[in-house]
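Q: Data file coords_10.txt (compact mmCIF, C-alpha atoms) is appended below.
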```txt
# COMPACT_ATOMS: atom_id res chain seq x y z
CA GLU X 1 24.03 6.97 23.00
CA ARG X 2 24.85 8.22 19.52
CA LYS X 3 28.28 8.85 18.02
CA GLU X 4 28.21 10.93 14.86
CA ALA X 5 30.74 13.15 13.13
CA VAL X 6 28.85 16.35 13.99
CA LEU X 7 27.68 15.46 17.50
CA ARG X 8 28.19 12.80 20.15
CA GLN X 9 25.51 12.50 22.78
CA ARG X 10 24.39 10.34 25.66
CA ILE X 11 20.82 10.80 26.89
CA ASP X 12 19.32 8.96 29.88
CA THR X 13 15.55 9.13 30.30
CA TRP X 14 13.69 7.99 33.42
CA ASP X 15 9.91 7.59 33.44
CA LEU X 16 7.47 6.95 36.25
CA ASP X 17 3.73 6.67 35.51
CA LEU X 18 0.67 5.94 37.61
CA GLN X 19 -2.82 5.26 36.24
CA HIS X 20 -6.03 4.34 38.04
CA ARG X 21 -9.41 3.46 36.51
CA PHE X 22 -12.71 3.14 38.37
CA ARG X 23 -16.45 3.42 37.82
CA LEU X 24 -18.55 6.19 39.35
CA GLY X 25 -22.18 5.14 39.49
CA GLN X 26 -23.74 3.39 36.52
CA ARG X 27 -22.91 5.94 33.83
CA GLN X 28 -19.34 7.13 34.40
CA GLU X 29 -15.91 5.55 34.09
CA ILE X 30 -13.01 7.68 35.29
CA VAL X 31 -9.31 7.37 34.54
CA TRP X 32 -6.81 9.56 36.36
CA GLY X 33 -3.09 9.50 36.88
CA ALA X 34 0.24 11.26 37.01
CA GLY X 35 3.62 11.01 35.38
CA TYR X 36 7.21 12.14 35.91
CA ARG X 37 10.04 12.14 33.37
CA LEU X 38 13.67 13.07 33.99
CA ILE X 39 15.98 13.57 30.99
CA ASP X 40 19.71 13.79 31.69
CA GLY X 41 22.13 14.42 28.83
CA ALA X 42 25.77 15.02 27.95
CA LEU X 43 26.90 16.35 24.57
CA ASN X 44 30.26 16.61 22.80
CA ASP X 45 30.29 19.58 20.44
CA SER X 46 31.81 19.93 17.00
CA THR X 47 32.38 22.85 14.65
CA THR X 48 29.01 22.07 13.02
CA VAL X 49 26.85 21.59 16.11
CA SER X 50 27.43 23.11 19.52
CA PHE X 51 25.40 23.90 22.63
CA ASN X 52 25.60 26.69 25.19
CA GLU X 53 25.35 24.03 27.89
CA THR X 54 26.81 20.63 27.07
CA ARG X 55 25.46 18.86 30.13
CA GLY X 56 22.18 19.21 31.94
CA ASP X 57 18.88 17.67 32.94
CA THR X 58 15.26 18.64 32.62
CA ALA X 59 12.14 17.34 34.32
CA LEU X 60 8.56 17.00 33.07
CA TYR X 61 5.63 16.07 35.26
CA ASN X 62 1.93 15.81 34.56
CA VAL X 63 -1.45 14.97 36.06
CA PHE X 64 -4.51 13.98 34.04
CA ILE X 65 -8.13 12.95 34.42
CA GLN X 66 -10.69 11.62 31.96
CA ASP X 67 -14.39 10.90 32.43
CA GLU X 68 -16.36 8.67 30.05
CA ILE X 69 -20.06 9.50 30.49
CA ALA X 70 -22.92 7.42 29.09
CA LEU X 71 -25.49 10.16 28.37
CA ARG X 72 -27.85 7.60 26.80
CA PRO X 73 -27.47 3.98 25.76
CA ASP X 74 -26.51 5.20 22.28
CA LEU X 75 -24.62 8.40 23.20
CA ALA X 76 -21.28 8.69 25.05
CA LEU X 77 -19.32 11.81 25.98
CA THR X 78 -15.66 11.72 27.00
CA LEU X 79 -14.17 14.75 28.77
CA GLY X 80 -10.63 15.06 30.03
CA THR X 81 -7.60 17.22 30.51
CA LYS X 82 -3.90 16.87 31.13
CA PHE X 83 -1.72 19.41 32.92
CA GLU X 84 1.94 19.12 32.01
CA HIS X 85 4.72 21.19 33.57
CA ASN X 86 8.16 21.73 32.10
CA GLU X 87 11.06 23.82 33.35
CA TYR X 88 11.14 26.07 30.29
CA THR X 89 7.55 27.29 29.83
CA GLY X 90 5.74 26.22 33.01
CA MET X 91 2.31 24.58 33.13
CA ALA X 92 0.41 23.72 29.93
CA PRO X 93 -3.23 22.53 30.08
CA GLN X 94 -4.24 20.08 27.34
CA PRO X 95 -8.01 19.49 27.39
CA GLY X 96 -10.07 17.29 25.10
CA ALA X 97 -13.66 16.25 24.41
CA ARG X 98 -15.13 13.43 22.30
CA LEU X 99 -18.75 12.58 21.47
CA HIS X 100 -19.73 9.14 20.13
CA TRP X 101 -23.23 8.39 18.77
CA GLN X 102 -24.17 4.81 17.97
CA VAL X 103 -26.88 5.61 15.40
CA ASP X 104 -27.97 1.97 15.13
CA ASP X 105 -26.43 -1.48 15.25
CA SER X 106 -24.42 -0.88 12.10
CA ARG X 107 -23.61 2.87 12.10
CA ALA X 108 -21.72 5.24 14.39
CA LEU X 109 -20.73 8.91 14.25
CA TRP X 110 -18.09 10.64 16.36
CA ALA X 111 -16.55 14.09 16.76
CA ALA X 112 -13.64 15.34 18.87
CA TRP X 113 -11.87 18.52 19.92
CA SER X 114 -8.52 18.62 21.69
CA ARG X 115 -5.53 20.80 22.46
CA ALA X 116 -1.91 19.73 22.74
CA VAL X 117 1.48 21.41 23.04
CA ARG X 118 5.04 20.63 22.00
CA THR X 119 7.35 21.74 24.78
CA PRO X 120 10.70 23.28 23.81
CA SER X 121 13.63 20.92 23.41
CA TRP X 122 17.22 21.37 24.45
CA ALA X 123 18.08 22.30 20.84
CA ASP X 124 15.30 24.93 20.59
CA ARG X 125 16.96 26.88 23.39
CA ASP X 126 20.71 26.16 23.28
CA ILE X 127 21.85 24.86 19.89
CA THR X 128 24.16 26.60 17.44
CA LEU X 129 24.16 24.97 14.01
CA ARG X 130 26.67 26.07 11.36
CA LEU X 131 26.04 25.09 7.75
CA ALA X 132 27.94 26.03 4.61
CA ASN X 133 26.04 28.53 2.47
CA LEU X 134 26.07 26.71 -0.86
CA ALA X 135 23.84 29.35 -2.43
CA ALA X 136 26.20 32.25 -1.75
CA SER X 137 26.34 34.65 -4.66
CA PRO X 138 28.87 35.48 -5.94
CA PRO X 139 30.84 32.38 -4.85
CA ALA X 140 33.46 33.20 -2.24
CA PRO X 141 37.05 31.91 -2.30
CA PHE X 142 36.48 30.52 1.23
CA PRO X 143 33.41 28.88 2.81
CA LEU X 144 30.61 31.14 4.04
CA TYR X 145 28.52 29.73 6.86
CA LEU X 146 24.94 30.21 7.99
CA ALA X 147 24.46 29.99 11.75
CA TYR X 148 21.17 28.93 13.37
CA THR X 149 20.93 29.48 17.12
CA GLY X 150 18.43 28.56 19.79
CA SER X 151 16.72 31.07 22.04
CA ARG X 152 16.03 30.99 25.77
CA ALA X 153 12.80 32.86 24.95
CA PHE X 154 11.51 29.99 22.78
CA ASP X 155 7.98 29.05 23.84
CA ALA X 156 5.76 25.98 23.55
CA GLU X 157 4.00 25.25 20.24
CA PRO X 158 0.23 24.71 20.73
CA LEU X 159 -2.05 22.64 18.51
CA THR X 160 -5.86 22.74 18.38
CA ALA X 161 -7.38 19.69 16.69
CA TYR X 162 -10.88 19.16 15.26
CA GLU X 163 -11.84 15.66 14.10
CA ALA X 164 -14.97 13.82 13.03
CA GLY X 165 -15.73 10.41 11.63
CA TRP X 166 -18.26 7.84 10.50
CA ARG X 167 -18.18 4.07 10.76
CA GLN X 168 -20.58 1.60 9.17
CA GLN X 169 -20.93 -2.11 8.79
CA VAL X 170 -22.42 -2.12 5.29
CA ARG X 171 -22.86 -5.89 5.27
CA SER X 172 -21.80 -8.69 7.53
CA ASP X 173 -18.60 -9.00 5.47
CA LEU X 174 -17.89 -5.30 4.77
CA ASN X 175 -16.90 -2.47 7.15
CA LEU X 176 -16.18 1.13 6.13
CA ASP X 177 -14.57 3.96 8.08
CA ALA X 178 -14.19 7.64 7.12
CA SER X 179 -12.77 10.58 9.05
CA VAL X 180 -11.86 14.21 8.49
CA PHE X 181 -9.46 16.39 10.46
CA TYR X 182 -8.39 20.00 10.78
CA TYR X 183 -5.34 20.92 12.87
CA ASP X 184 -4.48 24.50 13.77
CA TYR X 185 -0.85 25.09 14.85
CA ASP X 186 0.36 28.35 16.41
CA ASP X 187 3.70 29.77 17.61
CA LEU X 188 5.67 27.38 15.41
CA ARG X 189 9.42 27.66 15.21
CA SER X 190 10.66 30.29 12.76
CA LEU X 191 14.13 31.36 11.65
CA GLU X 192 14.51 35.09 12.25
CA PRO X 193 17.48 37.10 10.90
CA ALA X 194 19.78 38.28 13.69
CA GLY X 195 22.36 40.13 11.64
CA GLY X 196 24.81 38.93 8.99
CA THR X 197 24.36 35.23 8.29
CA THR X 198 22.94 34.37 11.72
CA TYR X 199 19.36 33.29 12.34
CA VAL X 200 17.70 32.74 15.70
CA PHE X 201 14.75 30.48 16.59
CA ALA X 202 11.49 32.26 17.44
CA ASN X 203 7.75 31.43 17.62
CA ARG X 204 6.54 33.49 14.68
CA PHE X 205 4.95 30.97 12.35
CA ARG X 206 1.58 29.27 12.19
CA ALA X 207 0.16 26.49 10.06
CA LYS X 208 -2.92 24.46 9.29
CA SER X 209 -3.17 20.85 8.21
CA TYR X 210 -6.36 19.25 7.01
CA GLY X 211 -7.50 16.22 5.11
CA PHE X 212 -9.38 12.95 5.33
CA GLU X 213 -8.86 9.22 5.72
CA LEU X 214 -10.86 6.36 4.21
CA SER X 215 -10.52 2.69 5.07
CA GLY X 216 -12.43 -0.53 4.63
CA VAL X 217 -12.28 -4.23 5.42
CA TRP X 218 -13.88 -6.85 3.16
CA GLN X 219 -14.08 -10.49 4.14
CA ALA X 220 -14.26 -11.71 0.55
CA THR X 221 -14.40 -15.39 1.53
CA PRO X 222 -14.09 -17.19 4.87
CA ASP X 223 -10.38 -17.60 4.09
CA TRP X 224 -9.56 -14.29 2.36
CA ARG X 225 -9.68 -10.78 3.85
CA LEU X 226 -8.84 -7.47 2.13
CA ARG X 227 -8.07 -4.22 3.93
CA ALA X 228 -7.59 -0.90 2.08
CA ALA X 229 -6.85 2.64 3.27
CA TYR X 230 -6.30 6.01 1.63
CA SER X 231 -5.42 9.36 3.19
CA GLN X 232 -4.94 12.88 1.88
CA LEU X 233 -3.08 15.66 3.68
CA ARG X 234 -2.83 19.38 2.94
CA LEU X 235 -0.47 21.77 4.73
CA ASP X 236 -0.69 25.58 4.71
CA ALA X 237 1.77 27.78 6.57
CA GLU X 238 2.32 31.49 6.96
CA ALA X 239 4.50 33.89 8.91
CA LYS X 240 2.99 35.85 11.78
CA PRO X 241 3.20 39.66 11.91
CA GLY X 242 6.72 40.77 12.73
CA SER X 243 8.43 37.73 11.22
CA ALA X 244 11.15 38.07 8.58
CA ASP X 245 11.43 34.31 8.03
CA SER X 246 11.55 33.42 4.32
CA PHE X 247 12.43 29.73 4.79
CA SER X 248 9.82 28.04 6.97
CA GLU X 249 6.78 28.29 4.72
CA ALA X 250 8.25 25.98 2.09
CA LEU X 251 9.77 23.71 4.75
CA ILE X 252 6.46 23.20 6.55
CA GLU X 253 4.23 22.89 3.49
CA GLY X 254 6.56 20.33 1.93
CA SER X 255 7.13 18.26 5.06
CA GLY X 256 4.57 15.50 4.45
CA PRO X 257 3.24 13.32 1.62
CA ARG X 258 -0.07 14.56 0.19
CA HIS X 259 -1.38 11.11 -0.78
CA GLN X 260 -0.92 7.71 0.85
CA PHE X 261 -2.54 4.39 -0.05
CA GLN X 262 -2.20 0.84 1.18
CA LEU X 263 -3.82 -2.50 0.40
CA HIS X 264 -3.41 -5.61 2.55
CA SER X 265 -4.48 -9.11 1.55
CA HIS X 266 -4.60 -11.94 4.05
CA ALA X 267 -5.32 -15.44 2.75
CA ARG X 268 -5.48 -18.73 4.62
CA LEU X 269 -4.18 -21.26 2.07
CA SER X 270 -4.68 -24.19 4.42
CA GLN X 271 -5.24 -24.84 8.08
CA ASN X 272 -1.63 -23.97 8.97
CA LEU X 273 -0.44 -21.95 5.93
CA HIS X 274 -1.10 -18.19 5.51
CA LEU X 275 -0.12 -15.71 2.80
CA ASP X 276 -0.04 -11.93 3.33
CA ALA X 277 0.46 -9.43 0.50
CA MET X 278 0.93 -5.72 1.23
CA LEU X 279 1.01 -2.85 -1.27
CA TYR X 280 1.93 0.72 -0.26
CA TYR X 281 2.04 4.01 -2.14
CA VAL X 282 3.49 7.18 -0.58
CA ASP X 283 3.54 10.54 -2.34
CA GLN X 284 6.64 12.72 -2.56
CA VAL X 285 8.02 14.71 0.38
CA GLU X 286 9.24 17.90 -1.23
CA ASN X 287 11.43 19.44 1.46
CA ARG X 288 13.30 16.15 1.96
CA ALA X 289 13.84 15.67 -1.80
CA VAL X 290 12.15 12.27 -1.52
CA GLY X 291 10.15 11.19 -4.56
CA ASP X 292 6.96 9.18 -4.48
CA TYR X 293 7.36 5.42 -4.27
CA THR X 294 5.43 2.17 -4.39
CA ARG X 295 6.37 -0.77 -2.17
CA PHE X 296 5.21 -4.39 -2.27
CA ASP X 297 5.81 -6.97 0.49
CA LEU X 298 4.94 -10.67 0.78
CA ARG X 299 4.83 -12.91 3.82
CA LEU X 300 4.29 -16.67 3.85
CA ALA X 301 3.73 -18.15 7.30
CA TRP X 302 3.59 -21.81 8.29
CA GLN X 303 2.28 -22.86 11.68
CA PRO X 304 3.07 -26.57 12.13
CA ARG X 305 1.65 -26.44 15.65
CA LYS X 306 -0.23 -23.86 17.68
CA ASP X 307 2.83 -22.62 19.60
CA LEU X 308 5.26 -22.41 16.65
CA GLU X 309 5.27 -20.31 13.48
CA LEU X 310 7.87 -20.03 10.72
CA SER X 311 7.66 -17.28 8.11
CA LEU X 312 9.39 -16.19 4.91
CA VAL X 313 9.20 -12.44 4.22
CA GLY X 314 10.10 -10.48 1.11
CA GLN X 315 10.22 -6.67 1.34
CA ASN X 316 10.38 -4.05 -1.42
CA LEU X 317 9.72 -6.67 -4.05
```
Here is a file; write its structure as C-alpha cells.
A:
Amino acid sequence: ERKEAVLRQRIDTWDLDLQHRFRLGQRQEIVWGAGYRLIDGALNDSTTVSFNETRGDTALYNVFIQDEIALRPDLALTLGTKFEHNEYTGMAPQPGARLHWQVDDSRALWAAWSRAVRTPSWADRDITLRLANLAASPPAPFPLYLAYTGSRAFDAEPLTAYEAGWRQQVRSDLNLDASVFYYDYDDLRSLEPAGGTTYVFANRFRAKSYGFELSGVWQATPDWRLRAAYSQLRLDAEAKPGSADSFSEALIEGSGPRHQFQLHSHARLSQNLHLDAMLYYVDQVENRAVGDYTRFDLRLAWQPRKDLELSLVGQNL
C-alpha cells in the first residue's frame, strides 16, 4: 500500500510455487515445477497519473524443467526451459543452456545462453501520465502538458543473453573469477507521437548491453581476507524501423553506471572481535542526473559467546 500525492495504490500479490528435484540414473539430476501468481490492485487517480481501469487483477502461471547432465566427470551440461503465461500476451517460452568444463583441479570454464521476457505491466497498457512541458518554446502563459499513455497492443520485451566465464584458484590463498556478457533486447518500450503533445507506448526500440566482470579473493593471512570486484557496462540503443521516438535512446543508454568497483576487507582482530571495511565506487547515471560517488563503510563486531553478536556500523564515512 502506497500513498503518494500523484497516486494511491493497494496491491495484493499471492504466490504458489511447487518444485521437485530427483536423480535420473547416474548422470542426470532433474528439477521441475510450476508456479501461480495472482496480482489484485486498486488505484486512486490524480491529475498527474490516471488509469483506464482503476481496479483489476491479473494472473501469471508457469511450468519449468531443468536437466543437469554429467557428460563426463569434468564436463556438465544444463538444459532447461520455462513456459510462462500471462493474460496480456499469452505463453512465452524461456529456454536456457549452460556448459561447465572443469579443466583441472584449479581451473574451470563455463558458457551459457538463455532467453527471458518482461511481460507487460498494468502501466504499460492502461496508464496516462501528464507532465508539465518545461522545455516549451516559446514559454506559454499557462502550463503545457505532455501526455504519455499506455497501449492495449503493448507486447512482451524479449531478452537473449550470452555469457561466458573463467574461474581459477591461482594459489591456495588466491581465487580469481572473470566473466563476459552480451545481452540483446528487442521490442523495448518506445514513446511514439500520437498527435499534439500526446505519446503512446509501443514496442519499437531495441538495445544491446555488454561488458565484463572481474573479481578475486585473497586470504592474505589466516586472519585477514580481501575481496575485490570490478565491472564495466556498455549500453547501445536504437529505434526500430517505423519509430518516431526521439527520447528513448538517451534514456536507455544513460540508465546504468559504466564502471563499478568494490573492495572488502575482513580481519579477525581476536578470537571474538572482527573488523570489516568496505569501499565502493559507482560511476554516474546520466539519465537520473546522479553523479559518480565513492562510499566507505566500517563494521566492528564483537561475539562474546557463540550465540550472541554485537556490532557497531558506520556507513558513508
Q: For Gly33 of chain X, which residue out of X:Tyr145, X:Phe64, X:Tyr210, X:Trp218 is the nearest one, using all atoms listed in the file?
A: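 Ranking X:Tyr145, X:Phe64, X:Tyr210, X:Trp218 by distance to Gly33 of chain X, first place goes to X:Phe64.
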Q: What's the 8 Å shell around Gln232 of chain X, counting all atoms listed in the file, without same-chain residues fewer than 4 positions away, as a ChimeraX atom specification?
A: /X:211-213,258-260
Q: X:Leu275, X:Ile127, X:Leu176, X:Ala207: which is nearest Asp45 of chain X, counting all atoms listed in the file?
A: X:Ile127
Q: Tell me which of X:Trp224, X:Phe201, X:Tyr293, X:Tyr36 sits closest to Ser270 of chain X, counting all atoms listed in the file.
A: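 Under the stated criterion, the closest residue is X:Trp224.
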Q: Which one of X:Thr47, X:Asn316, X:Thr81, X:Thr58 sits closest to Leu7 of chain X if you count only C-alpha atoms?
A: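 That would be X:Thr47, the residue with the smallest distance to Leu7 of chain X.
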Q: Given the choices X:Asp104, X:Asp187, X:Asp124, X:Glu87, which gets closest to Ser243 of chain X if the distance is worked out from all atoms listed in the file?
A: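 Nearest to Ser243 of chain X: X:Asp187.
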Q: For segment 196-216 of chain X, supply N, CA, C and O atoms and report the output as a PDB file, keeping the file's coordinate frame.
A:
```
ATOM      1  N   GLY X 196      23.845  39.710   9.762  1.00  0.00           N
ATOM      2  CA  GLY X 196      24.810  38.930   8.990  1.00  0.00           C
ATOM      3  C   GLY X 196      24.186  37.642   8.483  1.00  0.00           C
ATOM      4  O   GLY X 196      23.102  37.637   7.902  1.00  0.00           O
ATOM      5  N   THR X 197      24.860  36.543   8.734  1.00  0.00           N
ATOM      6  CA  THR X 197      24.360  35.230   8.290  1.00  0.00           C
ATOM      7  C   THR X 197      23.871  34.402   9.474  1.00  0.00           C
ATOM      8  O   THR X 197      23.881  33.178   9.427  1.00  0.00           O
ATOM      9  N   THR X 198      23.432  35.061  10.526  1.00  0.00           N
ATOM     10  CA  THR X 198      22.940  34.370  11.720  1.00  0.00           C
ATOM     11  C   THR X 198      21.434  34.472  11.808  1.00  0.00           C
ATOM     12  O   THR X 198      20.848  35.529  11.562  1.00  0.00           O
ATOM     13  N   TYR X 199      20.803  33.353  12.170  1.00  0.00           N
ATOM     14  CA  TYR X 199      19.360  33.290  12.340  1.00  0.00           C
ATOM     15  C   TYR X 199      19.062  32.687  13.708  1.00  0.00           C
ATOM     16  O   TYR X 199      19.755  31.758  14.157  1.00  0.00           O
ATOM     17  N   VAL X 200      18.038  33.198  14.356  1.00  0.00           N
ATOM     18  CA  VAL X 200      17.700  32.740  15.700  1.00  0.00           C
ATOM     19  C   VAL X 200      16.292  32.149  15.691  1.00  0.00           C
ATOM     20  O   VAL X 200      15.412  32.593  14.942  1.00  0.00           O
ATOM     21  N   PHE X 201      16.059  31.117  16.506  1.00  0.00           N
ATOM     22  CA  PHE X 201      14.750  30.480  16.590  1.00  0.00           C
ATOM     23  C   PHE X 201      13.771  31.402  17.329  1.00  0.00           C
ATOM     24  O   PHE X 201      14.103  31.994  18.363  1.00  0.00           O
ATOM     25  N   ALA X 202      12.557  31.501  16.799  1.00  0.00           N
ATOM     26  CA  ALA X 202      11.490  32.260  17.440  1.00  0.00           C
ATOM     27  C   ALA X 202      10.174  31.550  17.172  1.00  0.00           C
ATOM     28  O   ALA X 202      10.113  30.572  16.422  1.00  0.00           O
ATOM     29  N   ASN X 203       9.086  32.041  17.784  1.00  0.00           N
ATOM     30  CA  ASN X 203       7.750  31.430  17.620  1.00  0.00           C
ATOM     31  C   ASN X 203       6.866  32.325  16.763  1.00  0.00           C
ATOM     32  O   ASN X 203       5.839  32.803  17.207  1.00  0.00           O
ATOM     33  N   ARG X 204       7.248  32.530  15.512  1.00  0.00           N
ATOM     34  CA  ARG X 204       6.540  33.490  14.680  1.00  0.00           C
ATOM     35  C   ARG X 204       5.973  32.872  13.410  1.00  0.00           C
ATOM     36  O   ARG X 204       5.879  33.534  12.374  1.00  0.00           O
ATOM     37  N   PHE X 205       5.596  31.609  13.498  1.00  0.00           N
ATOM     38  CA  PHE X 205       4.950  30.970  12.350  1.00  0.00           C
ATOM     39  C   PHE X 205       3.700  30.245  12.815  1.00  0.00           C
ATOM     40  O   PHE X 205       3.565  29.880  13.989  1.00  0.00           O
ATOM     41  N   ARG X 206       2.782  30.049  11.904  1.00  0.00           N
ATOM     42  CA  ARG X 206       1.580  29.270  12.190  1.00  0.00           C
ATOM     43  C   ARG X 206       1.253  28.440  10.948  1.00  0.00           C
ATOM     44  O   ARG X 206       1.699  28.734   9.837  1.00  0.00           O
ATOM     45  N   ALA X 207       0.466  27.402  11.163  1.00  0.00           N
ATOM     46  CA  ALA X 207       0.160  26.490  10.060  1.00  0.00           C
ATOM     47  C   ALA X 207      -1.168  25.803  10.313  1.00  0.00           C
ATOM     48  O   ALA X 207      -1.675  25.786  11.441  1.00  0.00           O
ATOM     49  N   LYS X 208      -1.698  25.258   9.230  1.00  0.00           N
ATOM     50  CA  LYS X 208      -2.920  24.460   9.290  1.00  0.00           C
ATOM     51  C   LYS X 208      -2.699  23.204   8.460  1.00  0.00           C
ATOM     52  O   LYS X 208      -2.103  23.242   7.393  1.00  0.00           O
ATOM     53  N   SER X 209      -3.163  22.093   8.981  1.00  0.00           N
ATOM     54  CA  SER X 209      -3.170  20.850   8.210  1.00  0.00           C
ATOM     55  C   SER X 209      -4.581  20.293   8.237  1.00  0.00           C
ATOM     56  O   SER X 209      -5.277  20.381   9.251  1.00  0.00           O
ATOM     57  N   TYR X 210      -5.004  19.765   7.101  1.00  0.00           N
ATOM     58  CA  TYR X 210      -6.360  19.250   7.010  1.00  0.00           C
ATOM     59  C   TYR X 210      -6.393  18.154   5.952  1.00  0.00           C
ATOM     60  O   TYR X 210      -5.530  18.076   5.066  1.00  0.00           O
ATOM     61  N   GLY X 211      -7.392  17.310   6.059  1.00  0.00           N
ATOM     62  CA  GLY X 211      -7.500  16.220   5.110  1.00  0.00           C
ATOM     63  C   GLY X 211      -8.516  15.200   5.567  1.00  0.00           C
ATOM     64  O   GLY X 211      -9.360  15.471   6.431  1.00  0.00           O
ATOM     65  N   PHE X 212      -8.427  14.009   4.990  1.00  0.00           N
ATOM     66  CA  PHE X 212      -9.380  12.950   5.330  1.00  0.00           C
ATOM     67  C   PHE X 212      -8.700  11.594   5.189  1.00  0.00           C
ATOM     68  O   PHE X 212      -7.649  11.459   4.553  1.00  0.00           O
ATOM     69  N   GLU X 213      -9.340  10.597   5.786  1.00  0.00           N
ATOM     70  CA  GLU X 213      -8.860   9.220   5.720  1.00  0.00           C
ATOM     71  C   GLU X 213     -10.044   8.304   5.436  1.00  0.00           C
ATOM     72  O   GLU X 213     -11.125   8.469   6.017  1.00  0.00           O
ATOM     73  N   LEU X 214      -9.848   7.355   4.550  1.00  0.00           N
ATOM     74  CA  LEU X 214     -10.860   6.360   4.210  1.00  0.00           C
ATOM     75  C   LEU X 214     -10.252   4.974   4.372  1.00  0.00           C
ATOM     76  O   LEU X 214      -9.105   4.751   3.979  1.00  0.00           O
ATOM     77  N   SER X 215     -11.009   4.057   4.937  1.00  0.00           N
ATOM     78  CA  SER X 215     -10.520   2.690   5.070  1.00  0.00           C
ATOM     79  C   SER X 215     -11.695   1.732   5.032  1.00  0.00           C
ATOM     80  O   SER X 215     -12.846   2.104   5.290  1.00  0.00           O
ATOM     81  N   GLY X 216     -11.402   0.499   4.695  1.00  0.00           N
ATOM     82  CA  GLY X 216     -12.430  -0.530   4.630  1.00  0.00           C
ATOM     83  C   GLY X 216     -11.847  -1.912   4.770  1.00  0.00           C
ATOM     84  O   GLY X 216     -10.676  -2.142   4.440  1.00  0.00           O
TER      85      GLY X 216
END
```
